[in-house]
Every structure is written in structure tokens, then in C-alpha cells.
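This is data.tsv. It holds TSV, C-alpha atoms and all ligand atoms.
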```tsv
chain	number	residue	atom	x	y	z
A	1	MET	CA	-69.47	47.13	22.56
A	2	ASN	CA	-71.17	43.92	21.68
A	3	SER	CA	-70.91	41.11	24.27
A	4	LEU	CA	-71.52	37.36	24.00
A	5	MET	CA	-72.91	35.05	26.70
A	6	LEU	CA	-70.60	32.34	27.96
A	7	ASN	CA	-72.01	28.94	28.94
A	8	THR	CA	-71.14	29.99	32.51
A	9	ASP	CA	-74.15	31.44	34.35
A	10	GLY	CA	-74.53	35.15	33.69
A	11	VAL	CA	-70.98	35.81	32.44
A	12	GLN	CA	-70.63	37.89	29.29
A	13	ILE	CA	-67.49	38.58	27.26
A	14	PRO	CA	-66.96	41.69	25.14
A	15	GLN	CA	-66.71	40.19	21.65
A	16	LEU	CA	-63.74	42.32	20.65
A	17	GLY	CA	-60.74	42.52	22.97
A	18	TYR	CA	-57.12	43.59	22.96
A	19	GLY	CA	-54.35	40.95	22.82
A	20	VAL	CA	-50.91	41.63	24.28
A	21	TRP	CA	-48.71	38.78	23.05
A	22	GLN	CA	-45.24	40.21	22.23
A	23	VAL	CA	-46.01	43.51	23.92
A	24	PRO	CA	-42.83	44.06	25.98
A	25	ALA	CA	-43.35	44.14	29.76
A	26	GLU	CA	-42.27	47.77	30.00
A	27	GLU	CA	-44.76	48.85	27.31
A	28	ALA	CA	-47.76	46.83	28.46
A	29	GLU	CA	-49.22	49.34	30.91
A	30	GLN	CA	-49.11	52.13	28.33
A	31	ALA	CA	-50.48	49.93	25.52
A	32	VAL	CA	-53.40	48.67	27.61
A	33	THR	CA	-54.13	52.20	28.85
A	34	THR	CA	-54.28	53.35	25.21
A	35	ALA	CA	-56.67	50.49	24.47
A	36	PHE	CA	-58.95	51.45	27.37
A	37	LYS	CA	-59.04	55.04	26.10
A	38	ALA	CA	-60.00	53.75	22.67
A	39	GLY	CA	-62.93	51.87	24.24
A	40	TYR	CA	-61.63	48.30	24.68
A	41	ARG	CA	-62.90	46.59	27.84
A	42	HIS	CA	-61.38	43.13	27.34
A	43	ILE	CA	-57.68	42.29	27.62
A	44	ASP	CA	-56.05	38.98	26.66
A	45	THR	CA	-52.74	38.18	28.34
A	46	ALA	CA	-50.95	35.03	29.55
A	47	ALA	CA	-48.34	34.05	32.12
A	48	ALA	CA	-46.08	33.18	29.18
A	49	TYR	CA	-46.28	36.73	27.76
A	50	GLY	CA	-44.33	38.11	30.73
A	51	ASN	CA	-46.48	41.25	30.89
A	52	GLU	CA	-49.19	40.46	33.45
A	53	GLU	CA	-47.79	43.10	35.86
A	54	GLY	CA	-48.18	45.89	33.29
A	55	VAL	CA	-51.65	44.70	32.30
A	56	GLY	CA	-52.70	44.63	35.95
A	57	ARG	CA	-51.34	48.13	36.59
A	58	ALA	CA	-53.29	49.45	33.60
A	59	VAL	CA	-56.50	47.78	34.86
A	60	ARG	CA	-56.03	49.07	38.41
A	61	ASN	CA	-55.10	52.60	37.30
A	62	SER	CA	-57.76	52.88	34.60
A	63	GLY	CA	-60.41	54.40	36.84
A	64	LEU	CA	-62.82	51.84	35.38
A	65	PRO	CA	-64.88	49.75	37.83
A	66	ARG	CA	-63.32	46.27	37.94
A	67	GLU	CA	-66.56	44.67	36.79
A	68	LYS	CA	-66.48	46.76	33.59
A	69	VAL	CA	-63.20	45.20	32.46
A	70	PHE	CA	-62.81	41.61	31.25
A	71	VAL	CA	-59.36	40.13	31.94
A	72	THR	CA	-58.16	36.81	30.52
A	73	THR	CA	-54.91	35.11	31.42
A	74	LYS	CA	-53.55	31.64	30.70
A	75	LEU	CA	-51.78	28.75	32.42
A	76	ALA	CA	-48.22	28.31	31.13
A	77	ASN	CA	-47.25	25.05	29.44
A	78	GLY	CA	-44.84	23.83	32.10
A	79	GLU	CA	-47.35	24.37	34.91
A	80	HIS	CA	-50.10	21.83	34.25
A	81	ALA	CA	-49.15	19.81	37.34
A	82	ARG	CA	-49.26	22.89	39.60
A	83	ALA	CA	-52.10	24.88	38.04
A	84	GLU	CA	-53.55	26.27	41.26
A	85	ALA	CA	-50.20	27.67	42.44
A	86	ALA	CA	-49.48	29.04	38.96
A	87	PHE	CA	-52.91	30.71	38.95
A	88	ASP	CA	-52.19	32.37	42.31
A	89	GLU	CA	-48.90	33.65	40.91
A	90	SER	CA	-50.69	35.14	37.87
A	91	LEU	CA	-53.26	36.78	40.12
A	92	ALA	CA	-50.47	38.25	42.27
A	93	ARG	CA	-48.65	39.59	39.21
A	94	LEU	CA	-51.89	41.13	37.94
A	95	GLY	CA	-52.64	42.52	41.40
A	96	LEU	CA	-56.30	41.50	41.02
A	97	ASP	CA	-58.72	39.53	43.21
A	98	TYR	CA	-60.06	37.51	40.31
A	99	VAL	CA	-59.76	37.07	36.56
A	100	ASP	CA	-62.75	36.88	34.26
A	101	LEU	CA	-61.41	33.99	32.23
A	102	TYR	CA	-58.58	31.52	32.87
A	103	LEU	CA	-57.42	29.31	30.00
A	104	ILE	CA	-55.12	26.32	29.60
A	105	HIS	CA	-52.74	27.88	27.06
A	106	TRP	CA	-51.85	24.68	25.11
A	107	PRO	CA	-52.96	21.07	25.69
A	108	MET	CA	-49.39	19.67	25.43
A	109	PRO	CA	-50.69	16.14	24.69
A	110	GLY	CA	-47.18	14.69	25.06
A	111	GLN	CA	-47.11	15.77	28.73
A	112	ASP	CA	-50.66	14.45	29.18
A	113	LYS	CA	-51.36	16.61	32.23
A	114	TYR	CA	-54.18	18.80	30.95
A	115	LEU	CA	-56.88	16.79	32.72
A	116	GLN	CA	-55.06	17.35	36.01
A	117	ALA	CA	-54.81	21.05	35.18
A	118	TRP	CA	-58.52	21.19	34.37
A	119	ARG	CA	-59.49	19.74	37.75
A	120	ALA	CA	-57.51	22.57	39.41
A	121	MET	CA	-59.20	25.09	37.12
A	122	GLU	CA	-62.62	23.77	38.15
A	123	LYS	CA	-61.66	24.39	41.77
A	124	ILE	CA	-60.45	27.92	40.95
A	125	TYR	CA	-63.79	28.55	39.24
A	126	ARG	CA	-65.82	27.18	42.16
A	127	ASP	CA	-63.81	29.40	44.53
A	128	GLY	CA	-64.84	32.41	42.42
A	129	ARG	CA	-61.29	33.38	41.57
A	130	ALA	CA	-61.95	32.92	37.84
A	131	LYS	CA	-65.45	33.88	36.69
A	132	ALA	CA	-65.12	31.44	33.80
A	133	ILE	CA	-62.61	28.80	32.66
A	134	GLY	CA	-61.68	27.56	29.24
A	135	VAL	CA	-58.93	26.25	26.99
A	136	SER	CA	-56.77	27.32	24.09
A	137	ASN	CA	-55.36	25.38	21.16
A	138	PHE	CA	-57.48	22.32	21.93
A	139	THR	CA	-58.45	20.00	19.07
A	140	VAL	CA	-61.62	17.92	18.68
A	141	GLU	CA	-59.69	15.01	20.19
A	142	THR	CA	-58.29	16.82	23.25
A	143	LEU	CA	-61.54	18.72	23.86
A	144	THR	CA	-63.62	15.53	23.64
A	145	ARG	CA	-61.36	13.79	26.15
A	146	LEU	CA	-61.51	16.80	28.47
A	147	MET	CA	-65.32	17.00	28.30
A	148	ASP	CA	-65.64	13.25	28.93
A	149	GLU	CA	-63.72	13.64	32.19
A	150	ALA	CA	-64.74	17.13	33.30
A	151	ASP	CA	-67.58	18.46	35.44
A	152	ILE	CA	-67.48	21.83	33.67
A	153	VAL	CA	-67.56	22.30	29.89
A	154	PRO	CA	-64.95	24.90	28.83
A	155	ALA	CA	-66.54	28.28	28.14
A	156	ILE	CA	-64.17	29.08	25.28
A	157	ASN	CA	-61.53	27.52	23.07
A	158	GLN	CA	-59.07	30.16	21.84
A	159	ILE	CA	-57.52	28.96	18.57
A	160	GLU	CA	-55.61	30.28	15.58
A	161	LEU	CA	-58.25	31.58	13.17
A	162	HIS	CA	-58.09	34.06	10.29
A	163	PRO	CA	-59.26	34.10	6.65
A	164	TYR	CA	-56.30	31.94	5.54
A	165	PHE	CA	-57.01	29.40	8.35
A	166	GLN	CA	-60.74	29.36	8.94
A	167	GLN	CA	-61.16	26.39	11.32
A	168	ARG	CA	-64.61	25.39	10.05
A	169	GLN	CA	-64.55	21.99	11.74
A	170	MET	CA	-63.58	23.47	15.12
A	171	ARG	CA	-66.21	26.21	14.87
A	172	GLU	CA	-68.92	23.62	14.18
A	173	PHE	CA	-67.69	21.43	17.02
A	174	HIS	CA	-67.71	24.37	19.43
A	175	GLU	CA	-71.19	25.43	18.38
A	176	ALA	CA	-72.53	21.90	18.88
A	177	ASN	CA	-71.09	21.89	22.42
A	178	GLY	CA	-71.97	25.42	23.60
A	179	ILE	CA	-68.33	26.57	23.53
A	180	LEU	CA	-67.42	30.00	22.15
A	181	THR	CA	-64.72	30.24	19.49
A	182	GLU	CA	-62.07	32.86	20.21
A	183	ALA	CA	-59.73	33.76	17.35
A	184	TRP	CA	-56.02	34.32	17.96
A	185	SER	CA	-53.86	35.97	15.32
A	186	PRO	CA	-57.18	37.19	13.89
A	187	LEU	CA	-55.37	39.48	11.44
A	188	GLY	CA	-52.98	36.73	10.35
A	189	GLN	CA	-50.32	38.59	12.36
A	190	GLY	CA	-50.60	41.44	9.86
A	191	ARG	CA	-48.41	39.58	7.38
A	192	GLY	CA	-49.54	38.95	3.80
A	193	LEU	CA	-53.22	38.58	4.60
A	194	LEU	CA	-53.88	42.30	4.90
A	195	ASP	CA	-52.47	42.84	1.39
A	196	ASP	CA	-54.81	40.28	-0.15
A	197	PRO	CA	-56.49	41.87	-3.22
A	198	ALA	CA	-59.91	40.48	-2.26
A	199	LEU	CA	-59.73	42.30	1.08
A	200	ARG	CA	-58.65	45.51	-0.63
A	201	VAL	CA	-61.75	45.34	-2.86
A	202	LEU	CA	-63.98	44.96	0.20
A	203	ALA	CA	-62.11	47.72	2.04
A	204	ASP	CA	-62.76	50.12	-0.87
A	205	LYS	CA	-66.41	49.05	-1.06
A	206	HIS	CA	-67.05	49.81	2.63
A	207	CYS	CA	-64.58	52.73	3.03
A	208	LYS	CA	-62.77	50.70	5.69
A	209	THR	CA	-59.28	49.14	5.93
A	210	PRO	CA	-58.47	45.48	5.20
A	211	ALA	CA	-57.89	44.94	8.96
A	212	GLN	CA	-61.36	46.31	9.70
A	213	ILE	CA	-62.90	44.04	7.05
A	214	VAL	CA	-61.24	40.99	8.61
A	215	LEU	CA	-62.31	41.94	12.14
A	216	ARG	CA	-65.88	42.54	10.98
A	217	TRP	CA	-65.86	39.08	9.35
A	218	HIS	CA	-64.86	37.53	12.68
A	219	LEU	CA	-67.63	39.38	14.52
A	220	GLN	CA	-70.27	38.29	12.00
A	221	LEU	CA	-69.08	34.66	12.28
A	222	GLY	CA	-69.68	34.90	16.04
A	223	ASN	CA	-66.00	34.70	17.03
A	224	VAL	CA	-64.53	36.48	20.01
A	225	VAL	CA	-61.59	38.38	18.53
A	226	ILE	CA	-58.44	39.86	20.14
A	227	PRO	CA	-56.33	41.85	17.63
A	228	LYS	CA	-52.98	43.17	18.79
A	229	SER	CA	-51.21	46.41	17.94
A	230	VAL	CA	-49.06	48.81	19.93
A	231	THR	CA	-49.69	51.67	17.50
A	232	PRO	CA	-52.38	53.99	18.90
A	233	ALA	CA	-53.93	54.70	15.48
A	234	ARG	CA	-54.25	50.97	14.76
A	235	ILE	CA	-55.56	50.23	18.25
A	236	ALA	CA	-58.35	52.74	17.50
A	237	GLU	CA	-58.83	51.46	13.94
A	238	ASN	CA	-59.26	47.87	15.12
A	239	ILE	CA	-62.20	48.70	17.39
A	240	ASP	CA	-63.91	50.95	14.83
A	241	VAL	CA	-65.78	48.04	13.26
A	242	PHE	CA	-69.32	48.41	14.59
A	243	ASP	CA	-70.70	50.84	12.00
A	244	PHE	CA	-70.90	48.65	8.89
A	245	ILE	CA	-72.11	45.21	7.85
A	246	LEU	CA	-70.63	42.72	5.40
A	247	ASP	CA	-73.31	41.27	3.12
A	248	ALA	CA	-73.60	37.61	2.09
A	249	GLU	CA	-71.50	38.19	-1.02
A	250	ASP	CA	-68.73	39.87	1.02
A	251	LEU	CA	-68.74	36.99	3.51
A	252	ALA	CA	-68.53	34.48	0.66
A	253	ALA	CA	-65.56	36.33	-0.84
A	254	ILE	CA	-63.70	36.08	2.47
A	255	GLY	CA	-64.79	32.45	2.91
A	256	ALA	CA	-63.14	31.73	-0.46
A	257	LEU	CA	-59.74	32.90	0.87
A	258	SER	CA	-59.43	29.76	3.03
A	259	ARG	CA	-56.13	27.99	2.31
A	260	GLY	CA	-55.31	25.97	5.43
A	261	GLN	CA	-52.33	28.21	6.20
A	262	ARG	CA	-51.30	27.95	9.84
A	263	LEU	CA	-48.97	30.63	11.22
A	264	GLY	CA	-48.44	29.14	14.67
A	265	PRO	CA	-47.59	25.65	15.93
A	266	ASP	CA	-49.79	22.58	15.42
A	267	PRO	CA	-51.29	21.79	18.85
A	268	ASP	CA	-50.91	18.04	18.28
A	269	SER	CA	-47.14	18.26	18.02
A	270	PHE	CA	-46.36	21.38	20.08
A	271	GLU	CA	-44.35	20.40	23.14
A	301	LIG	P1	-52.77	39.65	15.06
A	301	LIG	O1	-53.40	38.82	14.00
A	301	LIG	O2	-53.63	40.38	16.03
A	301	LIG	O3	-51.78	40.64	14.32
A	301	LIG	C1	-51.06	41.60	15.03
A	301	LIG	C2	-50.11	42.33	14.07
A	301	LIG	O4	-50.84	42.81	12.94
A	301	LIG	C3	-49.52	43.57	14.72
A	301	LIG	O5	-48.33	43.26	15.39
A	301	LIG	C4	-49.30	44.48	13.55
A	301	LIG	O6	-48.08	44.17	12.91
A	301	LIG	C5	-50.43	44.11	12.60
A	301	LIG	N1	-51.62	44.99	12.72
A	301	LIG	C6	-52.45	45.12	13.79
A	301	LIG	N2	-53.44	45.98	13.51
A	301	LIG	C7	-53.24	46.39	12.24
A	301	LIG	C8	-53.94	47.28	11.39
A	301	LIG	N3	-55.04	47.89	11.79
A	301	LIG	N4	-53.44	47.47	10.14
A	301	LIG	C9	-52.33	46.83	9.72
A	301	LIG	N5	-51.63	45.98	10.47
A	301	LIG	C10	-52.08	45.76	11.73
A	301	LIG	O7	-51.71	38.69	15.79
A	301	LIG	P2	-51.34	38.18	17.22
A	301	LIG	O8	-50.76	39.22	18.08
A	301	LIG	O9	-50.55	36.94	16.97
A	301	LIG	O10	-52.73	37.70	17.87
A	301	LIG	C11	-53.55	38.54	18.64
A	301	LIG	C12	-53.62	38.07	20.07
A	301	LIG	O11	-54.02	36.71	20.14
A	301	LIG	C13	-52.27	38.06	20.79
A	301	LIG	O12	-51.83	39.34	21.15
A	301	LIG	C14	-52.59	37.16	21.95
A	301	LIG	O13	-53.33	37.87	22.94
A	301	LIG	C15	-53.46	36.10	21.28
A	301	LIG	N6	-52.67	34.91	20.88
A	301	LIG	C16	-52.91	33.75	21.54
A	301	LIG	C17	-52.22	32.61	21.21
A	301	LIG	C18	-52.52	31.33	21.93
A	301	LIG	O14	-51.77	30.37	21.80
A	301	LIG	N7	-53.58	31.27	22.71
A	301	LIG	C19	-51.25	32.62	20.20
A	301	LIG	C20	-51.03	33.83	19.52
A	301	LIG	C21	-51.76	34.95	19.86
```
Mind turning the file's structure into C-alpha cells?
Ligand code: NAD
Amino acid sequence: MNSLMLNTDGVQIPQLGYGVWQVPAEEAEQAVTTAFKAGYRHIDTAAAYGNEEGVGRAVRNSGLPREKVFVTTKLANGEHARAEAAFDESLARLGLDYVDLYLIHWPMPGQDKYLQAWRAMEKIYRDGRAKAIGVSNFTVETLTRLMDEADIVPAINQIELHPYFQQRQMREFHEANGILTEAWSPLGQGRGLLDDPALRVLADKHCKTPAQIVLRWHLQLGNVVIPKSVTPARIAENIDVFDFILDAEDLAAIGALSRGQRLGPDPDSFE
């Protein structure tokens, strides 16, 4: 499994992880256990997903040394003013001593409390209870304001990113500031995108599936990527992307699919 260095001293993140949004609480332990068996070592959850308990049980019962598993969770939107308490609650639900990465889930600019939340996150990081801290759904504007005020530059910004919504400006901004780009809904939520004829052509060329082509594209762009599935065969398929390489022509064909099509909310107006 390929890992990327975070801007935080010595911390590495497995580039491909397993996302558990919309995995029901009662299925989470089983789903994450299946992912571990398939070779995943990085799990992306959030307080808002309601499944931290199941994720934590899977981590604790996996038999894997804790330091071999990378766990991300996120601060819920209504909790910016009490981030430290909310973090402790997440940690208790997970049943872990620390998380590897703690993210502000959405900036919620209308609430205007993300700077307060970030100061609490910096404390959590200094206390060693999160090995790294970052944000999600931040824009150039909200990230710039955060960095102007902060002591610690976020390690990651997790944003919606797939071939129909390629986020070139954000990727360039992150690169210029030493922030990793993490792609959510990397498969475009499985809708429409995976039937795109251009992806089918590439899938045939490489004897892979359209989902594998898209995930390989993310890896070659340098994105951290967290596809979700609860189907064991797809969980295995989505990590089987390290034995082929897209050439420049393939990458250009996927680049040409860009159409500014967001699936999730716009962070500027999401409240
Ligand atoms: P995704 O792009 O990973 O798509 C998942 C869906 O695609 C599955 O439900 C399934 O229907 C389909 N699928 C998966 N593998 C497939 C395969 N091999 N072949 C065909 N279809 C397949 O979408 P997602 O769940 O929205 O995003 C992934 C993760 O990103 C989430 O689980 C969550 O961890 C994270 N996320 C974060 C935010 C945020 O605000 N930070 C928002 C959304 C998602």
C-alpha cells in the first residue's frame, strides 16, 4: 500500500482508504472488518455518520497493531464551539486512545466558528490525541483565513473530487501550501460516472473496471482517495489498483471529462 507524507512530522497516510458514509451503524463493524481483510489500513468516518462505535470495534478486534491502522474522524457541524468535548466523545465512541487524523467536517461560514474549532484542534494535536489535524470542504477563501490565523497548517483538505468535478484550482492551491488533497465521493457516488463511455474504453484497454480506472487516476494525481462500498467483491476490487499505470493519453482522456458537476452541497452555502 502506497503512503503519502503529511506536512506533520513523520506522519504518513495510506493513499487509498475505506470511507463509511451511509454505512449503517449495525453494519459498520462487519464492513470495516471486510475492508481490513481485503488489505485496507485506512478508515474514514465522522461523528455525523453515526457509526464510529462499529468502526472502533472493527479496529480493536482486527488483530492489527494500532499503529498499522490509520483512522480519520471528523468534527460535526453543530460542534464548532465545543470541539474538544466533541473530540473526546468521538474518541470514546471509537474506543481508541488517539485518532490519526481529525478534520473539521464543513467550514459552515455562516456560523463563523471554524477558527475557534481550529484552536481546539491545535490543542488536541499538541496533546497527541490526534496525530494530525486537517479540514474538509474548505475553499480557497476559508482555508486562507484559517492559515492566516492558525499556528498549524492543515495537513489535508478533504473535498468532493471525481472526474466530473476535478477541483483543479483547489489541487493547485493545496500543492502550493503543502496540504494534501483528499477526494470524497471519488467514484462520483457510483452514479452515471462509472457508465461513461470514455471510462469503459480505458477499462477495456487495461482489463480493469471503470471504478478501478477512476481510482487509479486519483492515485496518479496524488490524491488520497476513500471509496465506499459495502459489497465485499467491490471492496476488494477498489483496492486492486496497484498493478497497472495510466499513460499520459489515458490521463488526458479522463481530464477531458471535467464538467463542473457537483454531487454534494456547495461549502459556501451549506449551513
Ligand atoms: P463513492 O464515490 O465512494 O461511491 C460509493 C458508491 O459507488 C457505492 O455506494 C456504490 O454504489 C458505488 N460503488 C463503489 N464501488 C464500486 C465499484 N467497484 N463498482 C461499481 N460501483 C461501485 O461515494 P461516497 O460514499 O459519497 O464517498 C466516499 C467516502 O468519502 C464516504 O464514504 C465518506 O467517507 C467520504 N465523504 C466525505 C464527505 C465530506 O463531506 N467530507 C462527503 C461525502 C463522502
Please provide the set of residues having any atom within 7 Å of Val71 in chain A, restricted to only C-alpha atoms, with same-chain residues fewer than 2 positions apart removed, written as a list in words. His42, Ile43, Asp44, Val69, Thr73, Val99, Asp100 and Leu101 of chain A
re CA of Ala252 in chain A and CA of Leu199 in chain A: distance 11.8 Å
Residue with the minimum atom-to-atom distance to Leu193 in chain A, picked from A:His174, A:Arg216, A:Arg259, A:Arg145 with all atoms listed in the file counted, is A:Arg259
Select the residues contacting ligand LIG 301 (chain A) at a distance of at most 6 Å, based on all atoms listed in the file, then format the selection as JSON, numbers by chain.
-> {"A": [19, 20, 21, 44, 45, 105, 136, 158, 184, 185, 186, 187, 188, 189, 190, 211, 226, 227, 228, 229, 234, 237, 238]}
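The point (-46.2, 27.1, 32.6) has these residues within 8 Å of it when all atoms listed in the file are used: Ala47, Ala48, Leu75, Ala76, Asn77, Gly78, Glu79, His80 and Ala86 of chain A.
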Write out as a PDB file with C-alpha atoms, in the coordinates of the input the residues lying within 12 Å of Gln167 in chain A, counting all atoms listed in the file and excluding same-chain residues fewer than 3 positions away.
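Output file result.pdb is given in full below:
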```pdb
ATOM      1  CA  ASN A 137     -55.360  25.380  21.160  1.00  0.00           C
ATOM      2  CA  PHE A 138     -57.480  22.320  21.930  1.00  0.00           C
ATOM      3  CA  THR A 139     -58.450  20.000  19.070  1.00  0.00           C
ATOM      4  CA  VAL A 140     -61.620  17.920  18.680  1.00  0.00           C
ATOM      5  CA  ASN A 157     -61.530  27.520  23.070  1.00  0.00           C
ATOM      6  CA  GLN A 158     -59.070  30.160  21.840  1.00  0.00           C
ATOM      7  CA  ILE A 159     -57.520  28.960  18.570  1.00  0.00           C
ATOM      8  CA  GLU A 160     -55.610  30.280  15.580  1.00  0.00           C
ATOM      9  CA  LEU A 161     -58.250  31.580  13.170  1.00  0.00           C
ATOM     10  CA  HIS A 162     -58.090  34.060  10.290  1.00  0.00           C
ATOM     11  CA  PRO A 163     -59.260  34.100   6.650  1.00  0.00           C
ATOM     12  CA  TYR A 164     -56.300  31.940   5.540  1.00  0.00           C
ATOM     13  CA  MET A 170     -63.580  23.470  15.120  1.00  0.00           C
ATOM     14  CA  ARG A 171     -66.210  26.210  14.870  1.00  0.00           C
ATOM     15  CA  GLU A 172     -68.920  23.620  14.180  1.00  0.00           C
ATOM     16  CA  PHE A 173     -67.690  21.430  17.020  1.00  0.00           C
ATOM     17  CA  HIS A 174     -67.710  24.370  19.430  1.00  0.00           C
ATOM     18  CA  THR A 181     -64.720  30.240  19.490  1.00  0.00           C
ATOM     19  CA  GLU A 182     -62.070  32.860  20.210  1.00  0.00           C
ATOM     20  CA  ALA A 183     -59.730  33.760  17.350  1.00  0.00           C
ATOM     21  CA  TRP A 184     -56.020  34.320  17.960  1.00  0.00           C
ATOM     22  CA  PRO A 186     -57.180  37.190  13.890  1.00  0.00           C
ATOM     23  CA  HIS A 218     -64.860  37.530  12.680  1.00  0.00           C
ATOM     24  CA  LEU A 221     -69.080  34.660  12.280  1.00  0.00           C
ATOM     25  CA  ASN A 223     -66.000  34.700  17.030  1.00  0.00           C
ATOM     26  CA  GLY A 255     -64.790  32.450   2.910  1.00  0.00           C
ATOM     27  CA  SER A 258     -59.430  29.760   3.030  1.00  0.00           C
ATOM     28  CA  ARG A 259     -56.130  27.990   2.310  1.00  0.00           C
ATOM     29  CA  GLY A 260     -55.310  25.970   5.430  1.00  0.00           C
ATOM     30  CA  GLN A 261     -52.330  28.210   6.200  1.00  0.00           C
ATOM     31  CA  ARG A 262     -51.300  27.950   9.840  1.00  0.00           C
TER      32      ARG A 262
END
```
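Shortest atom-to-atom contact with Leu115 in chain A among A:Ala83, A:Leu263, A:Ala92, A:Val59: A:Ala83, counting all atoms listed in the file.
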What lies within 9 Å of range 241-245 of chain A using only C-alpha atoms, ignoring chain neighbours under 3 positions off, as a ChimeraX atom specification? /A:1-2,206,208,212-213,215-217,219-220,237-238
Using only C-alpha atoms, determine which residues lie at most 8 Å from Ala81 in chain A, disregarding the query and same-chain residues fewer than 6 positions distant; provide the list as a list in words.
-> Lys113, Gln116 and Ala117 of chain A
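For the point (-50.7, 47.7, 32.7) in file coordinates, the residues within 10 Å, using all atoms listed in the file, are Ala25, Glu26, Glu27, Ala28, Glu29, Gln30, Ala31, Val32, Thr33, Asn51, Glu52, Glu53, Gly54, Val55, Gly56, Arg57, Ala58, Val59, Arg60, Asn61, Ser62 and Leu94 of chain A.
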May I have the residues within 12 Å of Val201 in chain A as a PDB file with C-alpha atoms, in the frame of the given file, using all atoms listed in the file and disregarding those fewer than 5 positions away in the same chain?
```
ATOM      1  CA  LEU A 194     -53.880  42.300   4.900  1.00  0.00           C
ATOM      2  CA  ASP A 195     -52.470  42.840   1.390  1.00  0.00           C
ATOM      3  CA  ASP A 196     -54.810  40.280  -0.150  1.00  0.00           C
ATOM      4  CA  HIS A 206     -67.050  49.810   2.630  1.00  0.00           C
ATOM      5  CA  CYS A 207     -64.580  52.730   3.030  1.00  0.00           C
ATOM      6  CA  LYS A 208     -62.770  50.700   5.690  1.00  0.00           C
ATOM      7  CA  THR A 209     -59.280  49.140   5.930  1.00  0.00           C
ATOM      8  CA  PRO A 210     -58.470  45.480   5.200  1.00  0.00           C
ATOM      9  CA  ILE A 213     -62.900  44.040   7.050  1.00  0.00           C
ATOM     10  CA  ASP A 250     -68.730  39.870   1.020  1.00  0.00           C
ATOM     11  CA  ALA A 253     -65.560  36.330  -0.840  1.00  0.00           C
ATOM     12  CA  ILE A 254     -63.700  36.080   2.470  1.00  0.00           C
TER      13      ILE A 254
END
```
re CA of Tyr98 in chain A and CA of Ala130 in chain A: distance 5.5 Å
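For the choices A:Ala85, A:Leu257, A:Leu64, A:Ala120, the atom-to-atom distance to Lys37 in chain A is smallest for A:Leu64 when using only C-alpha atoms.
Put simply, CA of Met121 in chain A is 28.1 Å away from CA of Phe36 in chain A.
Of the residues listed (A:Pro197, A:Gly178, A:Pro109, A:Gly128), A:Pro109 shows the shortest atom-to-atom separation from Glu141 in chain A; distances use all atoms listed in the file.
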Judged by all atoms listed in the file, the minimum distance to Ile104 in chain A among A:Leu91, A:Val225, A:Leu146, A:Ala248 is found for A:Leu146
Among A:Pro267, A:Pro232, A:Gly222, A:Pro107, Met5 in chain A is approached most closely, using all atoms listed in the file, by A:Gly222
Taking all atoms of range 242-252 of chain A that the file lists, what box with edges along x, y and z, padded by 5 Å per side, do you get, with centre and edge lengths in Å to one decimal, as AutoDock Vina command-line options?
```
--center_x -71.1 --center_y 42.7 --center_z 6.8 --size_x 15.1 --size_y 26.4 --size_z 25.6
```
